[in-house]
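Quick notes on the structure that follows.
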Amino acid sequence: MPDENINKPGAFFWLKQLWLSVRVPLAAVMLALLVGALILLISDINPLDAYAALFKGAFGNEKYLQRTLEKATPLIFSGLAVSFAFKAGLFNIGAQGQLLMGALTSATIGFMVTGLPPLIHIPLALFGGALVGALYGAIPGALKTFTGAHEVITTIMLNYIAINITDYLADGPLKDNSPGNIVARTPRIADSAVIPTPQTSLTVGILIVLIVMILASIVFFAILKKINFKIKNRILLFFLRLALVIGLGVGVGLLLKIILPGFYTQPVGFLPYEAIPIPIGFLIAVAMSGVVWFLLMRTSFGFEIRTVGLNQHAAKYAGIRVRLMIVLAMVISGFLAGMGGSVETQGIVYRYQPGFNVGLGFDGITIALLGRNHPLGVIPAALLVGAMKAGSNVMQFEAGVPSEIIDVIQALMLFFVAADVIVRWVIGAKEKSEAEQIKLTTGWGNQ
Amino acid sequence: MNFITHLRTKKLLVPLSLGLIGLIVVIVSFINNPQSTQAVLGSTIRQSTPIILGALCGIMCERAGVVNIGIEGQMLLSAFIGFMANVWTGNLFISVLAGMATGALLGLLLAFMSVTLKLDQIIGGTVINILALGLTGYFYTAGLTTAGKIQPLTLGFLAKIPLVGPILFRNPPITYTAIILVFVLQFVLFKTTWGLRTRAVGEHPRAADTLGINVFTTRYINVILGGAIAGLAGAFLTLEAVGSFERAMTNGRGFVALAVMIFGKWTPLGAWGAALLFGFANAMQTQFQFMGTFNIPHQFIGMLPYLLTIIVLAGFGGRARPPAADGSPYEKE
């Protein structure tokens with residue numbers, strides 16, 4: 001990681017590091033689009049038309065852009081979930097199931113609990129979903145440590161089980177029994193649980209981001225404290241810094257709103273938008289990536305997780321409780337995935353309906369790898385995939401391309417980004433820099 | 001007494017006694033209710049066929065040291081290509097071959113990724129899974145009709161034996177092939193030079209290389225042949241069992257096959273036993289739904305095979321020992 005250099009390097013060094021870690025994913029995306037174009041040509045479609053429609057559908061106007069950001073939000077979470085597990089050497093294919101359980105829980109809290117103010121109701125539903133996701137993620141972690149059952153198979157099986165459980169609940173005990181409804185789905189969540197968009201209320205939005213960040217830090221640090229890390233003072237220090245940063249951010253935001261009431265609805269000139277519509281859920285996702293980055297890269301807990309991921313035997317020799325770390329890594333991974341489900345429910349769907357969030361967990365794998373398995377790299381990767389998902393509808397409508405081509409391109413992206421030898425050969429980059437090396441999973445045997 | 005100690009040393013006591021108990025249960029139930037016993041057991045064989053074929057693919061790959069998570073994708077794409085070949089040509093034999101060729105091609109891709117490019121093998125398999133899901137979703141168009149599906153082949157007088165006849169000797173060809181393949185592979189893996197070489201490559205590739213075995217070629221051939229077997233499983237789904245294709249129709253069978261492979265301790269015969277257990281669970285599931293005697297929501301019955309997989313893995317997976325070099329690419333010195 002570039003952050004761990006002792007000598008204070010200059011700006012040029014950072015740029016070079018950034019370029020080194022970005023060039024392979026970029027080239028992989030290009031190659032995937034090229035091969036995708038070939039497939040389009042086979043089925044008699046002009047790839048340029050298709051891609052133009054795709055781009056337009058993703059960024060063409062304000063509504064499309066908002067849709068892109070909305071689509072990217074749960075993807076950031078599932079990408080974070082998968083990459084967190086990767087850091088501990090675990091392959092969490094079960095983000096899908098954890099996300100479904102989280103989405104259902106958040107919908108249930110959303111419509112069953114009423115009469116709370118939004119500032120309490122929204123985080124309650126959000127964290128309720130995340131906690132259930134964490135519990136669901138704990139199952140494969142515990143199975144792996146105590147019985148040796150490999151997480152790849154158990155998480156996939158748990159995905160199918162989650163689909164069955166949520167189908168049953170949404171079609172049985174939690175079914176929307178309002179007249180006129182015949183499909184399996186839960187009732188609509190209360191208005192107080194709906195995550196607002198900044199166009200409706202900026203202050204509420206920013207406050208929610210604040211609360212979520214602080215609660216998430218508390219949850220993570222509670223875990224840390226439970227297993228006795230000697231960083232008590234550093235926690236205080238961190239919270240001080242965090243509060244300072246957030247306070248500054250909120251203050252600047254509020255000041256802008258007071259001084260320039262029209263700031264958030266100003267036309268931005270060179271962009272075709274009236275205002276930049278950032279959904280609050282997206283801000284929460286970005287904030288969570290920051291929290292995860294801090295947890296992984298700046299705490300001893302994160303260091304231990306990464307050590308376990310790199311070499312379990314060395315970690316054991318160094319006195320790290322490997323089994324505990326594996327379970328915790330899966331718990332946090334499930335927590336993130338579950339929160340992704342909650343955000344999707346409270347920000348976009350407003351209820352749980354089977355079949356609405358299919359595939360988000362699997363997209364997490366592509367996104368984690370595209371983002372070089374880095375908590376902050378996940379954000380642009382999720383934006384890219386989100387843009388493709390948002391644009392595919394317009395592409396289907398205008399260019400007549402089945403939207404499933406997106407899945408093919410995504411698989412190709414995954415292939416090229418994983419098979420970086422090919423990409424390296426294409427772009428003529430021979431050496432493999434330190435910043436680019438990532439170790440991912442462990443097989444059946446090497447535990 | 002001597003006989004029992006002999007069985008115990010050969011570790012056959014438990015499987016044999018379990019089989020004996022099972023046989024008694026089957027006979028008692030056949031006397032009580034011949035119709036549904038026959039239905040359940042016949043369905044057990046049919047349901048276990050794609051799973052055992054997938055598991056055989058897994059065994060071939062992993063005995064040579066390549067973890068194959070992509071069985072699900074290989075089955076799905078082969079099922080699709082097999083179905084499309086049936087739509088275009090109407091010739092079932094060619095369609096099955098097309099399905100197997102597709103599986104072999106995906107096996108080649110996996111071998112290329114894991115042996116030549118030395119990718120993380122689990123990621124490689126995931127690529128295949130997602131690619132198959134995307135390709136079949138993109139090229140699939142609803143409402144295609146075919147000339148029909150493969151019909152059962154009655155094996156003369158054998159099929160006239162009560163109970164056993166209709167279950168074992170009145171099946172379509174791929175089901176017979178699967179059962180024959182189990183024994184062929186068991187023989188090849190443990191009694192032939194090729195099998196010895198494969199296992200050597202999976203356990204200790206460096207030692208195998210020193211003795212003049214080409215590690216890369218062995219892995220390539222095993223993974224490609226395994227892919228063809230997975231392709232046969234896909235062809236079974238569209239050409240023999242269902243007769244049509246639908247999106248994501250494999251429904252996790254490829255992953256169940258992996259669990260079956262582990263449960264069977266990476267041996268074809270053991271995996272067959274495990275696959276029959278899963279087939280039985282599936283058959284009971286349909287039987288319960290058909291009878292409707294239990295008032296359990298269908299989602300809970302539908303969960304059973306997946307729960308069983310987890311229980312089997314948790315109960316037995318930890319004790320089973322995979323081939324030593326499973327999952328690690330071989331670097332020539």
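For the structure tokens, the naming scheme is as follows: chains receive sequential letters (A, B, ...) according to their order of presentation, residues are indexed from 1 within each chain, and ligands are indexed from 1 in presentation order.
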* At most 8 Å to chain A: residues in chain B, only C-alpha atoms, as an MDAnalysis selection string -> chainID B and resid 67 113 117 119:120 122:124 127:128 130:131 133:135 137:138 252 255:256 258:259 297 299:300 302:303 306:307 309:310 313:315 317:319 321:324 326:328
Include N, CA and C atoms and write out the residues we just selected as a CSV table (one decimal), in the first residue's frame.
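Below you can see again.csv, which holds the result:
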chain,number,residue,atom,x,y,z
B,67,VAL,N,-8.9,-26.4,-8.5
B,67,VAL,CA,-10.3,-26.3,-7.9
B,67,VAL,C,-11.2,-25.7,-9.0
B,113,MET,N,-6.9,-20.3,-17.5
B,113,MET,CA,-6.8,-19.3,-16.5
B,113,MET,C,-6.0,-19.8,-15.3
B,117,LEU,N,-2.3,-19.0,-16.9
B,117,LEU,CA,-2.2,-17.6,-16.3
B,117,LEU,C,-2.0,-17.6,-14.8
B,119,LEU,N,-4.1,-17.8,-12.4
B,119,LEU,CA,-5.0,-17.0,-11.7
B,119,LEU,C,-5.4,-17.6,-10.4
B,120,ASP,N,-6.0,-16.8,-9.5
B,120,ASP,CA,-6.7,-17.4,-8.4
B,120,ASP,C,-7.8,-18.3,-8.9
B,122,ILE,N,-10.4,-19.8,-7.7
B,122,ILE,CA,-11.7,-19.6,-7.3
B,122,ILE,C,-12.3,-18.4,-8.0
B,123,ILE,N,-11.5,-17.4,-8.3
B,123,ILE,CA,-12.0,-16.3,-9.1
B,123,ILE,C,-12.2,-16.8,-10.5
B,124,GLY,N,-11.3,-17.7,-11.0
B,124,GLY,CA,-11.5,-18.2,-12.4
B,124,GLY,C,-12.8,-18.9,-12.6
B,127,VAL,N,-15.6,-16.4,-12.7
B,127,VAL,CA,-15.7,-15.8,-14.0
B,127,VAL,C,-16.6,-16.7,-14.9
B,128,ILE,N,-16.3,-18.0,-14.9
B,128,ILE,CA,-17.1,-18.9,-15.7
B,128,ILE,C,-18.6,-18.9,-15.3
B,130,ILE,N,-20.3,-16.4,-13.9
B,130,ILE,CA,-21.0,-15.2,-14.2
B,130,ILE,C,-21.1,-15.1,-15.7
B,131,LEU,N,-20.1,-15.5,-16.4
B,131,LEU,CA,-20.1,-15.4,-17.9
B,131,LEU,C,-21.2,-16.3,-18.5
B,133,LEU,N,-24.0,-17.2,-16.9
B,133,LEU,CA,-25.3,-16.6,-16.6
B,133,LEU,C,-25.6,-15.4,-17.6
B,134,GLY,N,-24.6,-14.6,-17.9
B,134,GLY,CA,-24.8,-13.5,-18.8
B,134,GLY,C,-25.0,-13.9,-20.2
B,135,LEU,N,-24.2,-14.9,-20.7
B,135,LEU,CA,-24.4,-15.3,-22.1
B,135,LEU,C,-25.7,-15.9,-22.3
B,137,GLY,N,-28.4,-15.6,-20.6
B,137,GLY,CA,-29.5,-14.6,-20.5
B,137,GLY,C,-29.6,-13.7,-21.7
B,138,TYR,N,-28.4,-13.4,-22.3
B,138,TYR,CA,-28.4,-12.5,-23.5
B,138,TYR,C,-28.9,-13.2,-24.7
B,252,GLY,N,-28.0,-24.0,-8.6
B,252,GLY,CA,-27.1,-24.4,-7.6
B,252,GLY,C,-26.6,-25.8,-7.6
B,255,PHE,N,-22.9,-26.4,-7.4
B,255,PHE,CA,-22.3,-26.2,-6.1
B,255,PHE,C,-22.6,-27.4,-5.2
B,256,VAL,N,-23.8,-27.9,-5.3
B,256,VAL,CA,-24.2,-29.1,-4.5
B,256,VAL,C,-23.2,-30.2,-4.9
B,258,LEU,N,-20.2,-30.0,-5.8
B,258,LEU,CA,-18.9,-29.8,-5.1
B,258,LEU,C,-19.0,-30.3,-3.7
B,259,ALA,N,-20.1,-30.1,-3.0
B,259,ALA,CA,-20.3,-30.6,-1.6
B,259,ALA,C,-20.3,-32.1,-1.7
B,297,PRO,N,-44.9,-24.7,4.5
B,297,PRO,CA,-44.8,-23.9,3.3
B,297,PRO,C,-43.8,-24.5,2.3
B,299,GLN,N,-41.6,-23.2,0.6
B,299,GLN,CA,-40.3,-22.6,0.6
B,299,GLN,C,-39.4,-23.4,1.6
B,300,PHE,N,-40.0,-23.9,2.7
B,300,PHE,CA,-39.2,-24.6,3.6
B,300,PHE,C,-38.8,-26.0,3.1
B,302,GLY,N,-38.4,-26.5,-0.1
B,302,GLY,CA,-37.4,-26.1,-1.1
B,302,GLY,C,-36.0,-25.9,-0.6
B,303,MET,N,-35.9,-25.5,0.7
B,303,MET,CA,-34.7,-25.2,1.4
B,303,MET,C,-33.9,-26.5,1.6
B,306,TYR,N,-30.4,-27.5,0.2
B,306,TYR,CA,-29.3,-26.6,0.5
B,306,TYR,C,-28.9,-26.7,2.0
B,307,LEU,N,-29.9,-26.9,2.8
B,307,LEU,CA,-29.6,-27.2,4.3
B,307,LEU,C,-28.8,-28.4,4.4
B,309,THR,N,-26.8,-29.8,2.2
B,309,THR,CA,-25.4,-29.5,1.8
B,309,THR,C,-24.6,-28.9,2.9
B,310,ILE,N,-25.1,-27.9,3.6
B,310,ILE,CA,-24.4,-27.3,4.6
B,310,ILE,C,-24.1,-28.3,5.8
B,313,LEU,N,-21.4,-30.7,4.7
B,313,LEU,CA,-20.1,-30.0,4.7
B,313,LEU,C,-19.6,-29.8,6.1
B,314,ALA,N,-20.5,-29.3,7.0
B,314,ALA,CA,-20.1,-29.0,8.3
B,314,ALA,C,-19.7,-30.3,9.1
B,315,GLY,N,-20.5,-31.3,8.8
B,315,GLY,CA,-20.3,-32.6,9.6
B,315,GLY,C,-19.1,-33.4,9.1
B,317,GLY,N,-17.1,-32.3,6.0
B,317,GLY,CA,-16.1,-31.6,5.1
B,317,GLY,C,-14.8,-31.4,5.8
B,318,GLY,N,-14.9,-31.1,7.1
B,318,GLY,CA,-13.7,-30.8,7.9
B,318,GLY,C,-12.7,-31.9,8.0
B,319,ARG,N,-13.3,-33.1,8.0
B,319,ARG,CA,-12.5,-34.3,8.2
B,319,ARG,C,-11.9,-34.8,6.9
B,321,ARG,N,-9.9,-34.9,3.6
B,321,ARG,CA,-8.6,-34.3,3.2
B,321,ARG,C,-8.5,-34.1,1.7
B,322,PRO,N,-8.5,-32.9,1.2
B,322,PRO,CA,-8.4,-32.7,-0.2
B,322,PRO,C,-7.0,-33.0,-0.7
B,323,PRO,N,-6.8,-33.2,-2.1
B,323,PRO,CA,-5.5,-33.4,-2.6
B,323,PRO,C,-4.6,-32.2,-2.2
B,324,ALA,N,-3.3,-32.6,-1.9
B,324,ALA,CA,-2.5,-31.6,-1.2
B,324,ALA,C,-2.2,-30.3,-2.0
B,326,ASP,N,-4.2,-29.0,-4.2
B,326,ASP,CA,-5.5,-28.5,-4.7
B,326,ASP,C,-5.5,-27.0,-4.6
B,327,GLY,N,-5.7,-26.4,-5.8
B,327,GLY,CA,-5.9,-24.9,-5.7
B,327,GLY,C,-4.7,-24.1,-5.9
B,328,SER,N,-3.5,-24.7,-5.9
B,328,SER,CA,-2.3,-23.9,-6.1
B,328,SER,C,-1.7,-24.1,-7.5
* Extract, using only C-alpha atoms, all DNA, RNA and protein residues at most 10 Å from A:Arg306, discarding same-chain residues fewer than 5 positions from it, and format them as a ChimeraX atom specification. => /A:84-89,296-297,300-301,311-312,315,325,329
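Every protein, DNA or RNA residue with an atom at most 12 Å from B:Phe93, where only C-alpha atoms count and chain neighbours fewer than 3 positions away do not, is listed here: B:Gly82, B:Phe83, B:Ala85, B:Asn86, B:Thr89, B:Gly90, B:Val96, B:Leu97, B:Ala98, B:Gly99, B:Met100, B:Lys149, B:Ile150, B:Gln151, B:Pro173, B:Ile174, B:Leu232, B:Ala235, B:Phe236, B:Leu239, B:Glu240.
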Expected file: the selected residues, N, CA and C atoms, as a PDB file, in the first residue's frame:
ATOM      1  N   GLY B  82     -26.771 -27.130 -25.717  1.00  0.00           N
ATOM      2  CA  GLY B  82     -27.416 -28.390 -26.071  1.00  0.00           C
ATOM      3  C   GLY B  82     -28.843 -28.160 -26.531  1.00  0.00           C
ATOM      4  N   PHE B  83     -29.536 -27.314 -25.805  1.00  0.00           N
ATOM      5  CA  PHE B  83     -30.924 -27.009 -26.163  1.00  0.00           C
ATOM      6  C   PHE B  83     -30.999 -26.320 -27.517  1.00  0.00           C
ATOM      7  N   ALA B  85     -28.843 -26.443 -29.928  1.00  0.00           N
ATOM      8  CA  ALA B  85     -28.496 -27.413 -30.984  1.00  0.00           C
ATOM      9  C   ALA B  85     -29.702 -28.275 -31.308  1.00  0.00           C
ATOM     10  N   ASN B  86     -30.453 -28.615 -30.294  1.00  0.00           N
ATOM     11  CA  ASN B  86     -31.654 -29.415 -30.515  1.00  0.00           C
ATOM     12  C   ASN B  86     -32.684 -28.630 -31.327  1.00  0.00           C
ATOM     13  N   THR B  89     -30.894 -28.396 -35.056  1.00  0.00           N
ATOM     14  CA  THR B  89     -30.696 -29.616 -35.838  1.00  0.00           C
ATOM     15  C   THR B  89     -31.805 -30.640 -35.614  1.00  0.00           C
ATOM     16  N   GLY B  90     -32.384 -30.639 -34.420  1.00  0.00           N
ATOM     17  CA  GLY B  90     -33.391 -31.639 -34.127  1.00  0.00           C
ATOM     18  C   GLY B  90     -32.798 -33.006 -33.880  1.00  0.00           C
ATOM     19  N   VAL B  96     -26.391 -33.523 -27.662  1.00  0.00           N
ATOM     20  CA  VAL B  96     -25.635 -33.932 -26.476  1.00  0.00           C
ATOM     21  C   VAL B  96     -24.152 -33.675 -26.692  1.00  0.00           C
ATOM     22  N   LEU B  97     -23.668 -34.012 -27.902  1.00  0.00           N
ATOM     23  CA  LEU B  97     -22.254 -33.759 -28.203  1.00  0.00           C
ATOM     24  C   LEU B  97     -21.945 -32.274 -28.107  1.00  0.00           C
ATOM     25  N   ALA B  98     -22.876 -31.439 -28.614  1.00  0.00           N
ATOM     26  CA  ALA B  98     -22.650 -29.991 -28.554  1.00  0.00           C
ATOM     27  C   ALA B  98     -22.556 -29.528 -27.108  1.00  0.00           C
ATOM     28  N   GLY B  99     -23.432 -30.066 -26.247  1.00  0.00           N
ATOM     29  CA  GLY B  99     -23.372 -29.711 -24.834  1.00  0.00           C
ATOM     30  C   GLY B  99     -22.040 -30.099 -24.225  1.00  0.00           C
ATOM     31  N   MET B 100     -21.581 -31.331 -24.546  1.00  0.00           N
ATOM     32  CA  MET B 100     -20.310 -31.782 -23.981  1.00  0.00           C
ATOM     33  C   MET B 100     -19.165 -30.926 -24.498  1.00  0.00           C
ATOM     34  N   LYS B 149     -37.478 -34.707 -26.387  1.00  0.00           N
ATOM     35  CA  LYS B 149     -36.333 -35.015 -25.545  1.00  0.00           C
ATOM     36  C   LYS B 149     -36.007 -36.501 -25.613  1.00  0.00           C
ATOM     37  N   ILE B 150     -34.861 -36.834 -25.003  1.00  0.00           N
ATOM     38  CA  ILE B 150     -34.379 -38.204 -25.077  1.00  0.00           C
ATOM     39  C   ILE B 150     -35.326 -39.130 -24.336  1.00  0.00           C
ATOM     40  N   GLN B 151     -35.680 -40.255 -24.992  1.00  0.00           N
ATOM     41  CA  GLN B 151     -36.630 -41.181 -24.386  1.00  0.00           C
ATOM     42  C   GLN B 151     -35.905 -42.269 -23.595  1.00  0.00           C
ATOM     43  N   PRO B 173     -30.521 -42.671 -21.729  1.00  0.00           N
ATOM     44  CA  PRO B 173     -29.101 -43.015 -21.878  1.00  0.00           C
ATOM     45  C   PRO B 173     -28.141 -42.230 -20.974  1.00  0.00           C
ATOM     46  N   ILE B 174     -28.377 -40.927 -20.762  1.00  0.00           N
ATOM     47  CA  ILE B 174     -27.375 -40.177 -19.998  1.00  0.00           C
ATOM     48  C   ILE B 174     -27.312 -40.687 -18.562  1.00  0.00           C
ATOM     49  N   LEU B 232     -22.080 -32.819 -20.049  1.00  0.00           N
ATOM     50  CA  LEU B 232     -23.063 -33.903 -20.133  1.00  0.00           C
ATOM     51  C   LEU B 232     -24.176 -33.676 -19.107  1.00  0.00           C
ATOM     52  N   ALA B 235     -26.391 -31.128 -20.554  1.00  0.00           N
ATOM     53  CA  ALA B 235     -27.225 -31.729 -21.604  1.00  0.00           C
ATOM     54  C   ALA B 235     -28.338 -32.552 -20.983  1.00  0.00           C
ATOM     55  N   PHE B 236     -28.028 -33.240 -19.872  1.00  0.00           N
ATOM     56  CA  PHE B 236     -29.055 -34.022 -19.178  1.00  0.00           C
ATOM     57  C   PHE B 236     -30.232 -33.126 -18.799  1.00  0.00           C
ATOM     58  N   LEU B 239     -31.964 -31.777 -22.261  1.00  0.00           N
ATOM     59  CA  LEU B 239     -32.335 -32.735 -23.302  1.00  0.00           C
ATOM     60  C   LEU B 239     -33.024 -33.976 -22.756  1.00  0.00           C
ATOM     61  N   GLU B 240     -32.791 -34.267 -21.464  1.00  0.00           N
ATOM     62  CA  GLU B 240     -33.337 -35.507 -20.956  1.00  0.00           C
ATOM     63  C   GLU B 240     -34.373 -35.275 -19.860  1.00  0.00           C
TER      64      GLU B 240
END
* To do: Identify, on the basis of only C-alpha atoms, every residue whose closest approach to stretch 50-59 of chain B does not exceed 8 Å; exclude the query and any residue fewer than 3 positions from it along the same chain; express the result as a ChimeraX atom specification.
  => /B:46-47,62-63,67-68,71,75,178,182,185,223,225-230,232-234,236-237,253-254,256-258,260-261,266-268,271-272,275
Keeping only C-alpha atoms, write those residues as a short mmCIF file (atom, residue, chain, number, x, y, z; two decimals), in the first residue's frame.
data_model
loop_
_atom_site.label_atom_id
_atom_site.label_comp_id
_atom_site.auth_asym_id
_atom_site.auth_seq_id
_atom_site.Cartn_x
_atom_site.Cartn_y
_atom_site.Cartn_z
CA ARG B 46 -32.87 -39.09 -12.05
CA GLN B 47 -32.26 -36.26 -9.58
CA GLU B 62 -9.27 -31.49 -8.14
CA ARG B 63 -7.43 -34.81 -8.26
CA VAL B 67 -10.27 -26.27 -7.91
CA ASN B 68 -13.32 -25.96 -10.15
CA ILE B 71 -19.16 -26.39 -12.61
CA MET B 75 -23.57 -26.98 -16.71
CA ALA B 178 -23.48 -41.42 -15.49
CA VAL B 182 -18.74 -43.60 -11.88
CA LEU B 185 -13.55 -43.22 -13.31
CA VAL B 223 -9.87 -30.17 -16.58
CA LEU B 225 -12.38 -33.92 -19.82
CA GLY B 226 -14.00 -32.90 -16.54
CA GLY B 227 -15.62 -30.00 -18.37
CA ALA B 228 -17.03 -32.40 -20.93
CA ILE B 229 -18.59 -34.43 -18.11
CA ALA B 230 -20.10 -31.26 -16.62
CA LEU B 232 -23.06 -33.90 -20.13
CA ALA B 233 -24.78 -32.90 -16.90
CA GLY B 234 -26.02 -29.74 -18.61
CA PHE B 236 -29.05 -34.02 -19.18
CA LEU B 237 -30.98 -31.06 -17.79
CA ARG B 253 -26.64 -28.03 -8.68
CA GLY B 254 -23.02 -27.31 -9.60
CA VAL B 256 -24.19 -29.11 -4.54
CA ALA B 257 -21.97 -31.30 -6.73
CA LEU B 258 -18.89 -29.80 -5.08
CA VAL B 260 -21.05 -34.11 -2.84
CA MET B 261 -17.48 -34.45 -4.09
CA TRP B 266 -12.81 -37.12 -3.75
CA THR B 267 -13.63 -40.68 -4.87
CA PRO B 268 -16.20 -41.44 -7.59
CA ALA B 271 -19.50 -39.20 -4.40
CA TRP B 272 -22.10 -41.46 -6.02
CA ALA B 275 -25.27 -37.88 -4.79
#
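Computed from the coordinates, the atom CA of B:Gly165 to atom CA of B:Leu41 distance equals 11.4 Å.
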* Asked: Which residues, written as a ChimeraX atom specification, have at least one atom at most 9 Å from stretch 166-169 of chain B, with only C-alpha atoms counted and residues fewer than 6 positions away on the same chain left out?
  -> /B:38-39,41-43,45,153-156,158-160,176
C-alpha atoms of the current selection, written as a PDB file, in the first residue's frame:
ATOM      1  CA  GLN B  38     -40.983 -46.906  -7.084  1.00  0.00           C
ATOM      2  CA  ALA B  39     -41.707 -43.261  -7.910  1.00  0.00           C
ATOM      3  CA  LEU B  41     -36.538 -44.261  -5.976  1.00  0.00           C
ATOM      4  CA  GLY B  42     -36.804 -43.666  -9.712  1.00  0.00           C
ATOM      5  CA  SER B  43     -36.810 -39.947  -9.080  1.00  0.00           C
ATOM      6  CA  ILE B  45     -31.781 -41.837  -9.662  1.00  0.00           C
ATOM      7  CA  LEU B 153     -34.202 -47.010 -23.012  1.00  0.00           C
ATOM      8  CA  THR B 154     -35.669 -50.247 -21.644  1.00  0.00           C
ATOM      9  CA  LEU B 155     -33.050 -52.920 -21.134  1.00  0.00           C
ATOM     10  CA  GLY B 156     -35.008 -56.048 -22.140  1.00  0.00           C
ATOM     11  CA  LEU B 158     -33.741 -56.724 -16.801  1.00  0.00           C
ATOM     12  CA  ALA B 159     -36.509 -54.151 -16.696  1.00  0.00           C
ATOM     13  CA  LYS B 160     -39.016 -56.857 -15.805  1.00  0.00           C
ATOM     14  CA  TYR B 176     -26.896 -45.013 -17.649  1.00  0.00           C
TER      15      TYR B 176
END
* Pairwise distance for atom CA of A:Thr197 and atom CA of A:Ile280, rounded to one decimal in Å -> 5.5 Å
* DSSP strand (DSSP E or B) selection over stretch 88-302 of chain B, as a VMD selection string -> chain B and resid 153 to 154 170 to 171
Would you output that residue set with N, CA and C atoms, as a PDB file, in the first residue's frame?
ATOM      1  N   LEU B 153     -34.657 -45.842 -22.279  1.00  0.00           N
ATOM      2  CA  LEU B 153     -34.202 -47.010 -23.012  1.00  0.00           C
ATOM      3  C   LEU B 153     -34.457 -48.210 -22.104  1.00  0.00           C
ATOM      4  N   THR B 154     -35.370 -49.099 -22.502  1.00  0.00           N
ATOM      5  CA  THR B 154     -35.669 -50.247 -21.644  1.00  0.00           C
ATOM      6  C   THR B 154     -34.705 -51.375 -21.963  1.00  0.00           C
ATOM      7  N   ARG B 170     -34.845 -48.782 -16.708  1.00  0.00           N
ATOM      8  CA  ARG B 170     -35.776 -48.134 -17.618  1.00  0.00           C
ATOM      9  C   ARG B 170     -35.484 -46.637 -17.653  1.00  0.00           C
ATOM     10  N   ASN B 171     -34.190 -46.320 -17.788  1.00  0.00           N
ATOM     11  CA  ASN B 171     -33.767 -44.920 -17.739  1.00  0.00           C
ATOM     12  C   ASN B 171     -33.288 -44.447 -19.099  1.00  0.00           C
TER      13      ASN B 171
END
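Atom CA of A:Tyr136 lies 8.0 Å from atom CA of A:Gly97.
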* To do: Apply DSSP to the structure's backbone, then extract all residues of stretch 322-433 of chain A labelled alpha helix (DSSP H) and return them as an MDAnalysis selection string.
  => chainID A and resid 322:344 360:370 378:398 405:418 420:427
* Within 12 Å of B:Ile221 using only C-alpha atoms, minus same-chain residues under 2 positions, as JSON, numbers by chain -> {"B": [57, 60, 61, 64, 66, 104, 105, 107, 108, 109, 110, 111, 112, 115, 194, 197, 198, 214, 215, 216, 217, 218, 219, 223, 224, 225, 226, 227, 228]}
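For A:Ala134, the set of protein, DNA and RNA residues having any atom at most 6 Å away, when counting only C-alpha atoms and skipping those fewer than 2 positions along the same chain, is Leu131, Val132, Tyr136, Gly137, Val331, Gly334 and Phe335 of chain A.
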Since we have the selection now, will you write its residues out, keeping N, CA and C atoms, as a PDB file, in the first residue's frame?
ATOM      1  N   LEU A 131     -27.449  -5.483  11.057  1.00  0.00           N
ATOM      2  CA  LEU A 131     -27.150  -6.469  12.102  1.00  0.00           C
ATOM      3  C   LEU A 131     -27.615  -7.855  11.692  1.00  0.00           C
ATOM      4  N   VAL A 132     -28.799  -7.933  11.082  1.00  0.00           N
ATOM      5  CA  VAL A 132     -29.256  -9.245  10.628  1.00  0.00           C
ATOM      6  C   VAL A 132     -28.314  -9.779   9.549  1.00  0.00           C
ATOM      7  N   TYR A 136     -26.204 -13.210   9.690  1.00  0.00           N
ATOM      8  CA  TYR A 136     -26.266 -14.186   8.606  1.00  0.00           C
ATOM      9  C   TYR A 136     -24.865 -14.454   8.064  1.00  0.00           C
ATOM     10  N   GLY A 137     -24.007 -13.402   8.105  1.00  0.00           N
ATOM     11  CA  GLY A 137     -22.631 -13.593   7.661  1.00  0.00           C
ATOM     12  C   GLY A 137     -21.812 -14.378   8.673  1.00  0.00           C
ATOM     13  N   VAL A 331     -18.467 -11.398   9.856  1.00  0.00           N
ATOM     14  CA  VAL A 331     -19.516 -10.609  10.502  1.00  0.00           C
ATOM     15  C   VAL A 331     -19.561  -9.204   9.903  1.00  0.00           C
ATOM     16  N   GLY A 334     -20.826  -9.295   6.384  1.00  0.00           N
ATOM     17  CA  GLY A 334     -22.285  -9.424   6.363  1.00  0.00           C
ATOM     18  C   GLY A 334     -22.970  -8.142   6.796  1.00  0.00           C
ATOM     19  N   PHE A 335     -22.364  -7.452   7.751  1.00  0.00           N
ATOM     20  CA  PHE A 335     -22.893  -6.171   8.225  1.00  0.00           C
ATOM     21  C   PHE A 335     -22.999  -5.192   7.054  1.00  0.00           C
TER      22      PHE A 335
END
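Closest to B:Trp88 among B:Val25, B:Leu277, B:Ala200, B:Leu144 is B:Leu144, based on only C-alpha atoms.
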